[in-house]
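Remarks on the structure that follows.
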Amino acid sequence: MNERAFGKERWRILLLFGLVGQIAWAVENMYFNLFVFETVAPDLGTVTLMVQLSGVAATVTTLVAGTLSDKLGNRRSFISWGYIIWGVTVALFGMLSTDLVATLTGTDAARALGITLVLVVVADCVMTVFGSTANDAAFNAWVTDNTAESYRGRTEGVLSILPLGAMLIVAGGFGMLVELVGYRALFLGLGLLISLCGVLGLFMLRDSEVLVKNGSLADIFYGFKPHVVRKNPALYLTFLIMCIYGIACQTFMPYLIIYMKTYLGFTTVEYSVVFGIAIVIGAAINLKLSAIADRKSKAKLLYVAAGVMAAGLLGMWLAHHGGKTVLLITFGLCGLVMITGYIFVSALCGALSRDHTPVADAGKLQGVRMIFGVLIPMLAGPAIGNAINRTVGATLPDLGSADTMTTQYIPAPGIFFGRRAGGALDAGADTLAL
């Protein structure tokens, strides 16, 4: 990359594809689970399986698509067509319902429910395949191709803020949109936005002049070779830290909105406000903390960041008693502490992994990062969280004669502490302000 400036055109591409991609991921992570829970069946087992298989799909796809885009010397087509098809799959996901399946298959309600639960898991994996191809693999590689070392820090800084902006948009607005227009219209609108972004990419995107056909599919396994691990101990230690942190996050994150709506009894507006305020303040605090991180030891600051996040999670575990106003304040404040630490740990791990990644082998090692940062956490974390929820057995009110295929239990406070609370504590909380 010989240009001295990133350029307005590239900035527009980075902001457009970066933000739309992060909004799509945020909706998948936060609202696909809620959609299944509220419209198909209150089955946390299905939610857990969706998250786990999505992690597998994302990792395998990034490994293959990233290497293939190197081999073909083409990012533009992977990004553009990937976004177009990604949007179509998101729109179709919103059409899934037990009634539709029953009508198309001519089966009874119980069998239609089972088929629908299978379809939502498969559909989520299909979406992840195209999303990871377009965004995780090709778009991230395009950014690397089109940036120079002299200003790469600036572009990385903007990219690190986009997930927070997307989370704010989704947490603060999509919940209320669901109330106004419903899931089907919401997913249709989001799908159209993602596909439109891909269409624009056919006209806007150009591959870097430095991009050439390089490598082979055998490079998928480069980062798993013993001599590579021995040469880069600090990098793999960072990956291990990312893995532990990721497992902790995935223990509670897939169930967070469901927990606030069911266990705490928050309305859509209430949890959207709590989320929005926590993210805005947490992001502002982290802008200051990021400046400190550039001057101090990132590794040492990880202790502080992890401590802050742990304190917030402990508070969220305890904050489930009292009236609605008390719950909103205490859970909101503890959530703010948690998300401040959550963002800071994520930023420090990302920076450390970049610091310790050999520049010449950066592309080859992204698959290893996905395994430690995505695959293992998304397999282990939700399983731990769901085991805690199942053990506590807090139930939805007024389920009546719900189908026996549903688990009929909801997320409980133990997901924030990594264990079920004491019997008396949970028994009293199960009556809640629902």
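By order in the structure tokens, chains are A, B, ...; within a chain, residues start at 1; ligands start at 1, following the order shown.
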Residues within 12 Å of Val101 in chain A, please, as a CSV table (one decimal) with C-alpha atoms, in the first residue's frame. Count only C-alpha atoms; anything in the same chain fewer than 6 positions from it doesn't count.
chain,number,residue,atom,x,y,z
A,40,VAL,CA,-41.3,-20.2,18.3
A,95,MET,CA,-40.4,-15.5,7.9
A,107,THR,CA,-48.2,-31.7,10.0
A,108,ASP,CA,-49.7,-31.2,13.4
A,109,ALA,CA,-48.6,-28.5,15.8
A,110,ALA,CA,-46.2,-30.6,17.8
A,111,ARG,CA,-44.3,-31.9,14.8
A,112,ALA,CA,-44.3,-28.5,13.1
A,113,LEU,CA,-42.7,-27.1,16.3
A,114,GLY,CA,-39.9,-29.6,16.2
A,115,ILE,CA,-39.2,-28.9,12.5
A,116,THR,CA,-39.3,-25.2,13.1
A,117,LEU,CA,-36.7,-25.4,15.9
A,118,VAL,CA,-34.4,-27.4,13.5
A,119,LEU,CA,-34.9,-24.8,10.8
A,120,VAL,CA,-34.0,-21.8,12.9
Q: Could you give me, as a ChimeraX atom specification, each residue of range 204-356 of chain A that DSSP assigns to helix (DSSP H, G or I) when run on this structure's backbone?
A: /A:204,217-224,226-231,233-262,268-295,298-318,324-356
Polymer residues at most 8 Å from Leu217 in chain A, only C-alpha atoms, same-chain spacing of 5 or more positions, as a PDB file with N, CA and C atoms, in the first residue's frame:
ATOM      1  N   VAL A  64     -11.671 -20.886   5.754  1.00  0.00           N
ATOM      2  CA  VAL A  64     -11.701 -21.261   4.336  1.00  0.00           C
ATOM      3  C   VAL A  64     -11.825 -20.036   3.432  1.00  0.00           C
ATOM      4  N   THR A  67      -8.639 -17.736   3.404  1.00  0.00           N
ATOM      5  CA  THR A  67      -7.556 -18.351   2.626  1.00  0.00           C
ATOM      6  C   THR A  67      -7.884 -18.357   1.138  1.00  0.00           C
ATOM      7  N   LEU A  68      -9.148 -18.634   0.800  1.00  0.00           N
ATOM      8  CA  LEU A  68      -9.553 -18.674  -0.607  1.00  0.00           C
ATOM      9  C   LEU A  68      -9.463 -17.299  -1.258  1.00  0.00           C
ATOM     10  N   LYS A  71      -5.940 -16.816  -2.108  1.00  0.00           N
ATOM     11  CA  LYS A  71      -5.535 -17.667  -3.236  1.00  0.00           C
ATOM     12  C   LYS A  71      -6.025 -17.093  -4.566  1.00  0.00           C
TER      13      LYS A  71
END
Q.
I'd like the neighbourhood of Ala134 in chain A as a list in words, where a residue qualifies if any of its atoms comes within 6 Å (using only C-alpha atoms), though same-chain residues fewer than 3 positions away should be ignored.
A.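 Answer for this query is Phe78, Ile79, Gly82, Tyr83, Gly131 and Ala138 of chain A.
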Q: Can you pull out every residue within 9 Å of range 43-50 of chain A, counting only C-alpha atoms, but drop anything in the same chain fewer than 5 positions away, and send it as a count of residues only?
A: 30
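Neighbours of range 9-13 of chain A closer than or equal to 10 Å, with only C-alpha atoms counted and sequence neighbours fewer than 4 positions away skipped, come out as A:Ala5, A:Phe17, A:Gly18, A:Leu19, A:Phe139, A:Val143, A:Asn146, A:Thr147, A:Thr155, A:Val158, A:Cys197, A:Leu200, A:Gly201, A:Met204, A:Leu205, A:Arg206.
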Atoms kept (N, CA and C atoms) for selection, written as a compact mmCIF listing (two decimals), in the first residue's frame:
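Output saved as part.txt:
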# COMPACT_ATOMS: atom_id res chain seq x y z
N ALA A 5 -2.41 8.46 2.37
CA ALA A 5 -3.68 8.70 3.06
C ALA A 5 -4.68 7.63 2.70
N PHE A 17 -19.58 -0.51 5.23
CA PHE A 17 -19.56 -1.97 5.37
C PHE A 17 -19.25 -2.39 6.80
N GLY A 18 -18.41 -1.61 7.48
CA GLY A 18 -18.09 -1.93 8.87
C GLY A 18 -19.30 -1.79 9.77
N LEU A 19 -20.03 -0.67 9.66
CA LEU A 19 -21.17 -0.44 10.55
C LEU A 19 -22.33 -1.37 10.24
N PHE A 139 -13.89 -8.63 4.21
CA PHE A 139 -13.85 -7.20 4.53
C PHE A 139 -12.65 -6.86 5.41
N VAL A 143 -9.51 -4.28 4.46
CA VAL A 143 -9.01 -3.16 5.26
C VAL A 143 -7.50 -3.26 5.41
N ASN A 146 -5.69 -2.25 2.24
CA ASN A 146 -5.82 -0.86 1.83
C ASN A 146 -5.35 0.15 2.88
N THR A 147 -4.63 -0.32 3.88
CA THR A 147 -4.08 0.59 4.88
C THR A 147 -2.57 0.46 4.95
N THR A 155 -7.33 3.78 11.56
CA THR A 155 -8.43 2.99 11.01
C THR A 155 -8.85 1.88 11.97
N VAL A 158 -11.13 3.35 14.60
CA VAL A 158 -12.51 3.52 14.13
C VAL A 158 -13.22 2.18 14.09
N CYS A 197 -26.28 -2.80 0.77
CA CYS A 197 -24.86 -2.53 1.01
C CYS A 197 -24.01 -3.37 0.05
N LEU A 200 -24.19 -1.91 -3.48
CA LEU A 200 -23.32 -0.74 -3.58
C LEU A 200 -21.86 -1.15 -3.70
N GLY A 201 -21.52 -2.27 -3.05
CA GLY A 201 -20.15 -2.75 -3.11
C GLY A 201 -19.71 -3.12 -4.52
N MET A 204 -18.76 0.35 -5.72
CA MET A 204 -17.84 1.16 -4.92
C MET A 204 -16.50 0.48 -4.67
N LEU A 205 -16.52 -0.83 -4.48
CA LEU A 205 -15.33 -1.53 -4.02
C LEU A 205 -14.33 -1.78 -5.14
N ARG A 206 -13.08 -1.60 -4.80
CA ARG A 206 -11.97 -1.98 -5.69
C ARG A 206 -10.91 -2.66 -4.84
Q. With only C-alpha atoms as the atoms that count, which of A:Ala234, A:Met309, A:Met260, A:Met253 lies nearest to Gly332 in chain A?
A.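 Of A:Ala234, A:Met309, A:Met260, A:Met253, the one nearest Gly332 in chain A is A:Met260, counting only C-alpha atoms.
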Q | From A:Gly367, A:Gly87, A:Gly393, A:Gly94, residue lying nearest Phe224 in chain A [only C-alpha atoms] | A | A:Gly367
Q: Go through A:Leu328, A:Ala305, A:Leu202, A:Cys249 one by one, measure the shortest atom-to-atom distance of each to Thr340 in chain A using only C-alpha atoms, and give the residue with the smallest value.
A: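 Going through A:Leu328, A:Ala305, A:Leu202, A:Cys249 one by one, the smallest distance to Thr340 in chain A is for A:Ala305.
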Q.
Counting only C-alpha atoms, which residue out of A:Pro413, A:Leu237, A:Ala380, A:Gly223 sits closest to Met316 in chain A?
A. A:Pro413
Shell around Ile23 in chain A at 7 Å using only C-alpha atoms, local window under 2 positions removed, as a PDB file with N, CA and C atoms, in the first residue's frame:
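The resulting selection.pdb:
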ATOM      1  N   LEU A  19     -20.031  -0.665   9.661  1.00  0.00           N
ATOM      2  CA  LEU A  19     -21.168  -0.441  10.554  1.00  0.00           C
ATOM      3  C   LEU A  19     -22.332  -1.371  10.237  1.00  0.00           C
ATOM      4  N   VAL A  20     -22.665  -1.532   8.948  1.00  0.00           N
ATOM      5  CA  VAL A  20     -23.775  -2.422   8.580  1.00  0.00           C
ATOM      6  C   VAL A  20     -23.467  -3.856   9.014  1.00  0.00           C
ATOM      7  N   GLY A  21     -22.232  -4.280   8.821  1.00  0.00           N
ATOM      8  CA  GLY A  21     -21.852  -5.627   9.244  1.00  0.00           C
ATOM      9  C   GLY A  21     -21.980  -5.812  10.748  1.00  0.00           C
ATOM     10  N   TRP A  25     -24.411  -8.372  12.931  1.00  0.00           N
ATOM     11  CA  TRP A  25     -23.928  -9.291  13.948  1.00  0.00           C
ATOM     12  C   TRP A  25     -24.596  -9.022  15.290  1.00  0.00           C
ATOM     13  N   ALA A  26     -24.788  -7.741  15.624  1.00  0.00           N
ATOM     14  CA  ALA A  26     -25.418  -7.403  16.906  1.00  0.00           C
ATOM     15  C   ALA A  26     -26.854  -7.916  16.967  1.00  0.00           C
ATOM     16  N   VAL A  27     -27.580  -7.766  15.857  1.00  0.00           N
ATOM     17  CA  VAL A  27     -28.959  -8.271  15.814  1.00  0.00           C
ATOM     18  C   VAL A  27     -28.964  -9.786  15.958  1.00  0.00           C
ATOM     19  N   ALA A 166     -22.864  -0.039  16.821  1.00  0.00           N
ATOM     20  CA  ALA A 166     -23.895  -0.997  16.387  1.00  0.00           C
ATOM     21  C   ALA A 166     -24.687  -1.521  17.576  1.00  0.00           C
ATOM     22  N   MET A 167     -23.999  -1.841  18.673  1.00  0.00           N
ATOM     23  CA  MET A 167     -24.676  -2.345  19.861  1.00  0.00           C
ATOM     24  C   MET A 167     -25.633  -1.295  20.419  1.00  0.00           C
ATOM     25  N   VAL A 170     -28.679  -1.114  18.081  1.00  0.00           N
ATOM     26  CA  VAL A 170     -29.517  -2.304  18.218  1.00  0.00           C
ATOM     27  C   VAL A 170     -30.200  -2.354  19.575  1.00  0.00           C
TER      28      VAL A 170
END
Q) For Phe35 in chain A, which residue out of A:Ile84, A:Leu168, A:Ile241, A:Ile257 is the nearest one, using only C-alpha atoms? A)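 Once distances to Phe35 in chain A are computed over only C-alpha atoms, the minimum belongs to A:Ile257.
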How close does range 78-185 of chain A get to range 272-280 of chain A? List, as CSV, each residue of range 78-185 of chain A within 9 Å, its nearest atom pair and the distance in Å to one decimal, counting only C-alpha atoms.
residue,atom,partner,partner_atom,distance
A:Leu164,CA,A:Ile279,CA,7.1
A:Gly165,CA,A:Ile279,CA,8.7
A:Met167,CA,A:Ile279,CA,7.7
A:Leu168,CA,A:Gly276,CA,5.6
A:Ile169,CA,A:Gly276,CA,8.1
A:Val170,CA,A:Ser272,CA,8.7
A:Ala171,CA,A:Ser272,CA,5.4
A:Gly172,CA,A:Ser272,CA,4.7
A:Gly173,CA,A:Ser272,CA,7.1
A:Phe174,CA,A:Ser272,CA,8.4
A:Gly175,CA,A:Ser272,CA,6.4
A:Met176,CA,A:Ser272,CA,7.7
Hey, can you spit out that residue selection with C-alpha atoms as a short mmCIF file (atom, residue, chain, number, x, y, z; two decimals), in the first residue's frame?
data_model
loop_
_atom_site.label_atom_id
_atom_site.label_comp_id
_atom_site.auth_asym_id
_atom_site.auth_seq_id
_atom_site.Cartn_x
_atom_site.Cartn_y
_atom_site.Cartn_z
CA LEU A 164 -20.15 -0.23 20.16
CA GLY A 165 -22.10 2.02 17.80
CA MET A 167 -24.68 -2.35 19.86
CA LEU A 168 -26.07 1.06 20.86
CA ILE A 169 -28.26 1.23 17.75
CA VAL A 170 -29.52 -2.30 18.22
CA ALA A 171 -29.97 -2.24 22.00
CA GLY A 172 -31.46 1.23 22.05
CA GLY A 173 -33.66 1.07 18.97
CA PHE A 174 -34.40 -2.41 17.70
CA GLY A 175 -36.29 -3.45 20.80
CA MET A 176 -38.74 -0.61 20.33
#
**Q.** Pick from A:Leu192, A:Leu302, A:Leu256, A:Ala58, whichever lies nearest to Gly335 in chain A using only C-alpha atoms
**A.**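 Nearest to Gly335 in chain A: A:Leu256.
CA of Ala41 in chain A is found 17.4 Å from CA of Val178 in chain A.
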